[in-house]
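Here's start-v1.cif, which has mmCIF, C-alpha atoms:
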```cif
data_model
#
loop_
_atom_site.label_atom_id
_atom_site.label_comp_id
_atom_site.auth_asym_id
_atom_site.auth_seq_id
_atom_site.Cartn_x
_atom_site.Cartn_y
_atom_site.Cartn_z
CA MET A 15 35.71 -26.23 96.36
CA GLN A 16 37.70 -29.13 94.99
CA HIS A 17 40.37 -30.23 92.54
CA ASP A 18 40.46 -33.50 90.65
CA LEU A 19 43.12 -36.10 91.48
CA VAL A 20 46.23 -35.20 89.47
CA THR A 21 47.83 -38.36 88.12
CA VAL A 22 50.99 -38.72 86.07
CA GLU A 23 48.82 -39.91 83.18
CA ARG A 24 46.67 -36.78 83.31
CA PHE A 25 49.77 -34.57 83.52
CA TYR A 26 51.26 -36.39 80.52
CA THR A 27 48.01 -36.30 78.51
CA ASP A 28 47.26 -32.62 79.18
CA HIS A 29 50.77 -31.19 78.98
CA GLY A 30 52.98 -33.82 77.35
CA GLY A 31 52.76 -32.01 74.01
CA SER A 32 53.67 -28.53 75.25
CA LEU A 33 56.43 -29.91 77.51
CA GLU A 34 57.65 -32.28 74.75
CA LEU A 35 57.63 -35.30 77.05
CA ASN A 36 58.56 -38.72 75.71
CA LEU A 37 57.83 -41.79 77.86
CA VAL A 38 60.85 -44.13 77.95
CA ALA A 39 60.11 -46.42 80.92
CA GLY A 40 57.69 -47.26 83.72
CA ALA A 41 54.37 -47.02 81.84
CA ALA A 42 52.83 -49.07 84.66
CA GLY A 43 53.27 -46.04 86.95
CA LEU A 44 51.14 -43.61 84.94
CA LYS A 45 48.27 -44.00 87.42
CA ARG A 46 50.40 -42.69 90.30
CA ALA A 47 49.21 -39.47 91.93
CA ILE A 48 51.20 -36.24 91.97
CA ARG A 49 50.63 -34.87 95.47
CA GLU A 50 52.25 -31.42 95.22
CA PRO A 51 51.97 -28.81 92.43
CA THR A 52 55.67 -28.23 91.98
CA VAL A 53 58.91 -29.86 90.81
CA ASN A 54 61.97 -31.21 92.64
CA ARG A 55 65.59 -31.76 91.57
CA PRO A 56 66.66 -34.87 93.53
CA GLY A 57 70.40 -34.23 93.59
CA LEU A 58 70.71 -34.50 97.38
CA ALA A 59 68.56 -37.65 97.48
CA LEU A 60 70.69 -39.30 94.79
CA SER A 61 73.82 -38.39 96.75
CA GLY A 62 72.42 -40.20 99.79
CA PHE A 63 70.84 -37.40 101.85
CA THR A 64 67.11 -38.19 101.97
CA ARG A 65 65.96 -36.56 105.22
CA TYR A 66 64.21 -33.68 103.43
CA PHE A 67 63.47 -35.45 100.15
CA ALA A 68 60.41 -33.91 98.43
CA LYS A 69 59.20 -37.30 97.24
CA ASN A 70 55.62 -36.23 96.38
CA ARG A 71 56.73 -33.98 93.51
CA VAL A 72 57.66 -34.55 89.87
CA GLN A 73 61.40 -35.34 89.92
CA VAL A 74 63.62 -33.62 87.32
CA ILE A 75 67.14 -34.74 86.47
CA GLY A 76 69.29 -32.15 84.70
CA ASN A 77 72.96 -31.87 83.81
CA ALA A 78 74.18 -31.60 87.42
CA GLU A 79 72.39 -34.79 88.55
CA ALA A 80 73.23 -36.69 85.34
CA TYR A 81 76.96 -35.92 85.51
CA PHE A 82 77.05 -36.79 89.20
CA LEU A 83 75.48 -40.19 88.46
CA LYS A 84 78.00 -40.79 85.66
CA SER A 85 80.82 -40.26 88.15
CA LEU A 86 79.64 -43.22 90.24
CA THR A 87 80.50 -46.86 89.71
CA SER A 88 77.77 -49.25 88.56
CA GLU A 89 77.47 -50.68 92.10
CA GLU A 90 77.14 -47.22 93.62
CA ARG A 91 74.54 -46.21 91.06
CA LEU A 92 72.55 -49.38 91.65
CA HIS A 93 72.54 -48.65 95.39
CA ARG A 94 71.49 -44.99 94.89
CA TYR A 95 68.71 -45.96 92.47
CA GLY A 96 67.45 -48.54 94.96
CA THR A 97 67.27 -45.88 97.68
CA PHE A 98 65.69 -43.32 95.32
CA PHE A 99 62.96 -45.69 94.09
CA SER A 100 62.19 -46.95 97.59
CA TYR A 101 60.26 -43.68 97.90
CA ARG A 102 56.97 -43.50 96.04
CA VAL A 103 57.93 -40.70 93.65
CA PRO A 104 55.28 -39.82 91.04
CA CYS A 105 57.54 -39.75 87.98
CA VAL A 106 60.98 -38.72 86.72
CA VAL A 107 61.82 -36.38 83.85
CA TYR A 108 65.27 -36.24 82.21
CA SER A 109 65.61 -32.73 80.75
CA ARG A 110 67.96 -31.52 77.99
CA GLN A 111 67.29 -34.75 76.06
CA LEU A 112 69.59 -36.59 78.50
CA HIS A 113 69.56 -40.38 78.36
CA PRO A 114 68.83 -42.42 81.51
CA ASP A 115 71.36 -45.24 81.82
CA LYS A 116 70.25 -48.88 81.59
CA LEU A 117 70.44 -49.39 85.35
CA PHE A 118 68.10 -46.44 85.92
CA LEU A 119 65.63 -47.63 83.28
CA HIS A 120 65.61 -51.14 84.78
CA ALA A 121 65.11 -49.76 88.32
CA ALA A 122 62.28 -47.49 87.09
CA GLU A 123 60.54 -50.44 85.39
CA GLN A 124 60.93 -52.56 88.51
CA ALA A 125 59.54 -49.81 90.76
CA GLY A 126 56.77 -48.87 88.30
CA VAL A 127 57.82 -45.21 88.03
CA ALA A 128 57.08 -43.44 84.74
CA THR A 129 60.27 -41.94 83.28
CA PHE A 130 60.28 -39.31 80.53
CA ARG A 131 62.81 -37.53 78.34
CA CYS A 132 62.40 -33.85 77.45
CA PRO A 133 64.49 -31.60 75.15
CA LEU A 134 63.84 -28.42 77.17
CA VAL A 135 66.61 -26.95 79.31
CA THR A 136 66.07 -27.81 82.96
CA MET A 137 64.93 -24.43 84.28
CA LYS A 138 62.56 -23.84 81.37
CA PHE A 139 60.96 -27.23 81.96
CA ILE A 140 60.67 -26.54 85.71
CA ASN A 141 58.99 -23.16 85.09
CA LEU A 142 56.51 -24.50 82.53
CA ALA A 143 55.75 -27.67 84.49
CA THR A 144 55.18 -25.70 87.71
CA LEU A 145 52.70 -23.38 85.96
CA ALA A 146 50.90 -26.38 84.46
CA LEU A 147 50.73 -28.19 87.81
CA GLU A 148 49.51 -25.11 89.67
CA MET A 149 46.62 -24.81 87.22
CA MET A 150 45.82 -28.52 87.57
CA PHE A 151 45.83 -28.23 91.38
CA ALA A 152 43.83 -24.99 91.45
CA PRO A 153 40.54 -25.23 93.41
CA ARG A 154 37.59 -25.41 91.04
CA GLY A 155 33.84 -25.52 91.10
CA THR A 156 30.66 -24.80 89.15
CA GLU A 157 28.40 -21.75 89.12
CA MET A 158 24.87 -22.10 87.78
CA GLY A 159 24.61 -19.22 85.34
CA SER A 160 25.78 -17.89 82.00
CA MET A 161 28.91 -15.78 81.64
CA VAL A 162 29.58 -12.86 79.28
CA ASP A 163 32.62 -10.64 78.72
CA ILE A 164 31.43 -7.02 78.60
CA LEU A 165 34.34 -4.80 77.55
CA GLY A 166 36.77 -6.71 79.77
CA VAL A 167 34.33 -7.20 82.67
CA GLY A 168 33.50 -10.86 83.23
CA VAL A 169 29.84 -11.10 84.29
CA ILE A 170 28.10 -14.25 85.54
CA LEU A 171 24.35 -13.98 85.02
CA ARG A 172 22.24 -15.98 87.48
CA GLY A 173 18.51 -16.44 87.95
CA GLU A 174 15.67 -18.91 87.93
CA SER A 175 14.83 -20.86 84.79
CA GLY A 176 12.76 -18.79 82.35
CA ILE A 177 13.51 -15.40 83.93
CA GLY A 178 15.31 -14.08 80.83
CA LYS A 179 18.99 -15.03 81.11
CA SER A 180 19.29 -16.40 77.56
CA GLU A 181 17.50 -13.41 76.04
CA SER A 182 19.78 -11.02 77.94
CA VAL A 183 22.91 -12.90 76.86
CA LEU A 184 21.76 -12.89 73.23
CA ALA A 185 21.08 -9.15 73.37
CA LEU A 186 24.56 -8.55 74.82
CA ILE A 187 26.18 -10.69 72.11
CA GLU A 188 24.30 -8.69 69.45
CA ARG A 189 25.84 -5.54 70.97
CA GLY A 190 29.31 -6.92 70.29
CA TYR A 191 30.16 -8.60 73.59
CA SER A 192 31.44 -12.17 74.00
CA LEU A 193 29.92 -15.36 75.37
CA VAL A 194 32.12 -17.28 77.81
CA ALA A 195 29.68 -19.95 79.05
CA ASP A 196 25.99 -20.76 78.72
CA ASP A 197 23.88 -21.90 81.66
CA VAL A 198 26.77 -23.48 83.63
CA THR A 199 30.09 -21.72 84.26
CA LYS A 200 33.13 -23.68 85.41
CA VAL A 201 35.24 -21.62 87.82
CA THR A 202 38.88 -22.02 88.84
CA LEU A 203 40.80 -20.17 91.56
CA VAL A 204 44.11 -18.87 90.19
CA ASP A 205 46.94 -17.76 92.50
CA GLY A 206 44.49 -17.91 95.42
CA ARG A 207 42.94 -14.55 94.49
CA GLU A 208 41.42 -14.53 90.98
CA VAL A 209 38.40 -16.55 89.88
CA MET A 210 38.51 -17.56 86.22
CA GLY A 211 35.35 -18.66 84.43
CA THR A 212 35.09 -20.92 81.40
CA SER A 213 32.69 -23.28 79.67
CA ALA A 214 32.54 -27.06 79.65
CA GLU A 215 34.48 -28.32 76.64
CA VAL A 216 31.46 -30.14 75.17
CA THR A 217 29.14 -27.10 75.15
CA ARG A 218 31.73 -24.42 74.31
CA ASN A 219 30.52 -21.77 71.80
CA HIS A 220 26.94 -23.07 72.01
CA MET A 221 23.78 -21.71 73.63
CA GLU A 222 20.33 -23.06 74.34
CA VAL A 223 17.55 -20.61 73.50
CA ARG A 224 14.10 -21.64 74.70
CA GLY A 225 11.73 -22.10 71.76
CA ILE A 226 14.57 -22.16 69.20
CA GLY A 227 16.95 -24.81 70.52
CA ILE A 228 20.75 -25.02 70.40
CA ILE A 229 22.60 -22.35 68.43
CA ASN A 230 26.29 -22.07 67.53
CA VAL A 231 27.21 -18.55 68.67
CA ALA A 232 30.54 -18.43 66.79
CA ALA A 233 28.94 -19.52 63.52
CA MET A 234 26.02 -17.13 63.86
CA PHE A 235 27.70 -13.99 65.24
CA GLY A 236 31.38 -14.49 64.33
CA VAL A 237 34.49 -15.42 66.32
CA LYS A 238 34.51 -12.08 68.16
CA SER A 239 31.33 -13.20 69.95
CA ILE A 240 33.06 -15.97 71.93
CA ARG A 241 35.80 -16.14 74.53
CA SER A 242 37.30 -19.29 76.05
CA GLU A 243 37.87 -17.91 79.56
CA LYS A 244 37.61 -14.71 81.56
CA LYS A 245 38.17 -13.49 85.10
CA VAL A 246 34.91 -13.22 87.06
CA ASP A 247 34.46 -9.53 87.99
CA LEU A 248 30.72 -9.34 88.69
CA VAL A 249 27.76 -11.58 89.48
CA VAL A 250 24.30 -10.34 88.45
CA THR A 251 21.24 -12.12 89.83
CA LEU A 252 17.95 -11.62 88.00
CA LYS A 253 14.91 -11.81 90.29
CA SER A 254 11.20 -11.28 89.79
CA TRP A 255 10.18 -7.74 90.78
CA ASN A 256 7.88 -9.06 93.55
CA GLU A 257 10.74 -11.02 95.14
CA VAL A 258 12.91 -7.92 95.66
CA PRO A 259 11.07 -5.79 98.24
CA ASP A 260 14.07 -3.62 99.11
CA VAL A 261 15.70 -2.33 95.94
CA ASP A 262 19.06 -0.60 96.40
CA ARG A 263 18.42 2.76 94.75
CA LEU A 264 21.76 4.44 95.55
CA GLY A 265 24.44 1.76 95.32
CA MET A 266 26.39 3.15 98.26
CA ASP A 267 27.38 -0.23 99.66
CA GLN A 268 28.77 -2.92 97.42
CA GLU A 269 27.20 -6.32 98.02
CA MET A 270 29.54 -9.31 97.67
CA VAL A 271 29.12 -13.01 96.94
CA LYS A 272 31.77 -15.66 97.60
CA ILE A 273 33.02 -17.86 94.77
CA LEU A 274 35.72 -20.37 95.77
CA GLY A 275 36.28 -18.27 98.90
CA VAL A 276 36.87 -15.03 96.98
CA ASP A 277 34.56 -12.00 97.35
CA VAL A 278 33.07 -10.99 93.98
CA PRO A 279 30.84 -7.89 93.54
CA HIS A 280 27.15 -8.84 93.30
CA ILE A 281 24.10 -6.96 92.02
CA THR A 282 20.45 -8.02 92.13
CA LEU A 283 18.34 -6.75 89.22
CA PRO A 284 14.53 -6.82 89.60
CA VAL A 285 12.83 -8.18 86.47
CA ARG A 286 9.47 -7.10 85.09
CA PRO A 287 8.04 -6.64 81.58
CA GLY A 288 9.39 -3.63 79.71
CA ARG A 289 12.79 -3.44 81.43
CA ASP A 290 15.76 -3.61 79.05
CA LEU A 291 17.74 -6.18 81.03
CA ALA A 292 20.67 -6.30 78.59
CA ARG A 293 21.14 -2.54 78.89
CA LEU A 294 20.95 -2.71 82.70
CA ILE A 295 23.52 -5.55 82.83
CA GLU A 296 25.76 -3.55 80.50
CA VAL A 297 25.55 -0.48 82.75
CA ALA A 298 26.19 -2.64 85.84
CA ALA A 299 29.39 -3.92 84.19
CA PHE A 300 30.53 -0.39 83.35
CA GLN A 301 29.73 0.70 86.92
CA THR A 302 31.84 -2.17 88.27
CA LYS A 303 34.71 -1.10 86.02
CA LEU A 304 34.46 2.47 87.33
CA LYS A 305 34.38 1.32 90.97
CA SER A 306 37.40 -0.93 90.45
CA SER A 307 39.32 2.14 89.28
CA GLY A 308 38.40 3.92 92.53
CA TYR A 309 35.46 6.03 91.36
CA ASN A 310 32.06 5.63 93.06
CA PRO A 311 29.41 8.05 91.70
CA ALA A 312 26.99 7.38 94.58
CA ARG A 313 29.65 8.33 97.13
CA GLU A 314 30.63 11.38 95.09
CA LEU A 315 27.01 12.57 95.02
CA ASN A 316 26.60 11.82 98.72
CA ASP A 317 29.73 13.82 99.61
CA ARG A 318 28.53 16.69 97.44
CA LEU A 319 25.13 16.74 99.15
CA ILE A 320 26.70 16.62 102.62
CA SER A 321 29.03 19.45 101.66
CA ARG A 322 26.11 21.51 100.32
CA MET A 323 24.02 20.89 103.47
CA ALA A 324 26.97 21.81 105.68
CA GLY A 325 27.33 25.05 103.73
CA VAL A 326 23.62 25.86 104.13
CA ALA A 327 23.75 25.12 107.86
CA LYS A 328 26.51 27.69 108.34
CA LEU A 329 24.40 30.48 106.81
#
```
Take the structure from the file and write it as structure tokens.
Amino acid sequence: MQHDLVTVERFYTDHGGSLELNLVAGAAGLKRAIREPTVNRPGLALSGFTRYFAKNRVQVIGNAEAYFLKSLTSEERLHRYGTFFSYRVPCVVYSRQLHPDKLFLHAAEQAGVATFRCPLVTMKFINLATLALEMMFAPRGTEMGSMVDILGVGVILRGESGIGKSESVLALIERGYSLVADDVTKVTLVDGREVMGTSAEVTRNHMEVRGIGIINVAAMFGVKSIRSEKKVDLVVTLKSWNEVPDVDRLGMDQEMVKILGVDVPHITLPVRPGRDLARLIEVAAFQTKLKSSGYNPARELNDRLISRMAGVAKL
């Protein structure tokens, strides 16, 4: 479980367009790291109180901070900027298309702190930037396996090379379901509780089929056959029939597998010639959907049998 280093440059590159950021000073500071996935308004720090200054966050200056700074003399501002930039802040964003004064721009250049302007109102920028940063800081990893969306159930399909994963995925796509990732699924933990799966950007919408080569799924089956990301609801492991001595024939107990520290339902399907794997994976997904809604057919049948036996015993 890891997350890549989040730099100001990466934040600007990935989200500068949606946040309408415009770099106005301190380009030398783009390599600085953002240490916390949230935003800070540095009004108290600019007023001189720095004991609890959240210096590791993106700093946002709105109307309140800007008008306070305008009320100060040039000497006072110069002193406050010196104190502010003595901390290694990642970057500064002026919202509402506010203009940093010349003293601020000079101090930012001297300190090597990237400074941006943004037309969004302060709270809207804070909300959008926080969501963007939380996603950038989210723990992430890689699962070896293909992923398919089966009627809203995100299924990662695992198994040894050559066991039939690609054929199963193709059969599911032909039935109208959507490919999320082929062979390798990138996973991200969202809000500490949901695992989202997606494909690497380079291989998105493509599949490797042994004996045929690379195919473009969207071009061949239409745009409905692809999906950019999906929550992981189920992991299915395909294993050779001889390697699964104890097959669960009732499904009373739900097996789990951990992905990024989150328990995800797991099913092992024995593979042998003649089994319709795509159909079995489809049914496993439907079963998972039923169980998530609180209905377990194995338990229902078990309760019914116990009730029937209890009735017979009384006679």
Shortest interatomic distance to A:Arg172 - which of A:Ser213, A:Thr282, A:Asn70, A:Gln268, counting all atoms listed in the file
A:Thr282
Distance criterion (only C-alpha atoms): nearest to A:Leu117 out of A:Ala39, A:Val246, A:Cys105, A:Ile164:
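Using only C-alpha atoms, the shortest distance to A:Leu117 belongs to A:Ala39.
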Where does the PyMOL selection byres ((chain A and resi 203) around 9) land in this file, that is, which residues does it pick, as an MDAnalysis selection string?
chainID A and resid 149 152:155 201:202 204:210 273:276
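Checking A:Pro133, A:Gly178, A:Gly166, A:Gly236 one by one against A:Leu291, counting only C-alpha atoms, you find the shortest gap at A:Gly178.
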Selected by the PyMOL selection byres ((chain A and resi 53) around 9) in the shown coordinates: which residues, as an MDAnalysis selection string?
chainID A and resid 50:52 54:55 68 71:74 140:141 143:144 147
Go ahead and save the residues from that selection, with C-alpha atoms, as a short mmCIF file (atom, residue, chain, number, x, y, z; two decimals), keeping the file's coordinate frame.
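The result, stored in selection.cif:
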```cif
data_model
loop_
_atom_site.label_atom_id
_atom_site.label_comp_id
_atom_site.auth_asym_id
_atom_site.auth_seq_id
_atom_site.Cartn_x
_atom_site.Cartn_y
_atom_site.Cartn_z
CA GLU A 50 52.25 -31.42 95.22
CA PRO A 51 51.97 -28.81 92.43
CA THR A 52 55.67 -28.23 91.98
CA ASN A 54 61.97 -31.21 92.64
CA ARG A 55 65.59 -31.76 91.57
CA ALA A 68 60.41 -33.91 98.43
CA ARG A 71 56.73 -33.98 93.51
CA VAL A 72 57.66 -34.55 89.87
CA GLN A 73 61.40 -35.34 89.92
CA VAL A 74 63.62 -33.62 87.32
CA ILE A 140 60.67 -26.54 85.71
CA ASN A 141 58.99 -23.16 85.09
CA ALA A 143 55.75 -27.67 84.49
CA THR A 144 55.18 -25.70 87.71
CA LEU A 147 50.73 -28.19 87.81
#
```
Explicit residue set for the PyMOL selection byres ((chain A and resi 188) around 12), as a PyMOL selection string
chain A and resi 162+164+181-187+189-193+231-232+234-236+238-240+292-293
Of the listed residues A:Leu283, A:Ile229, A:Phe99, A:Trp255, that which approaches A:Glu296 most closely, counting only C-alpha atoms
A:Leu283
Can you measure atom CA of A:Glu257 to atom CA of A:Val278 for me? One decimal in Å is fine.
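Atom-to-atom, atom CA of A:Glu257 and atom CA of A:Val278 are spaced 22.4 Å apart.
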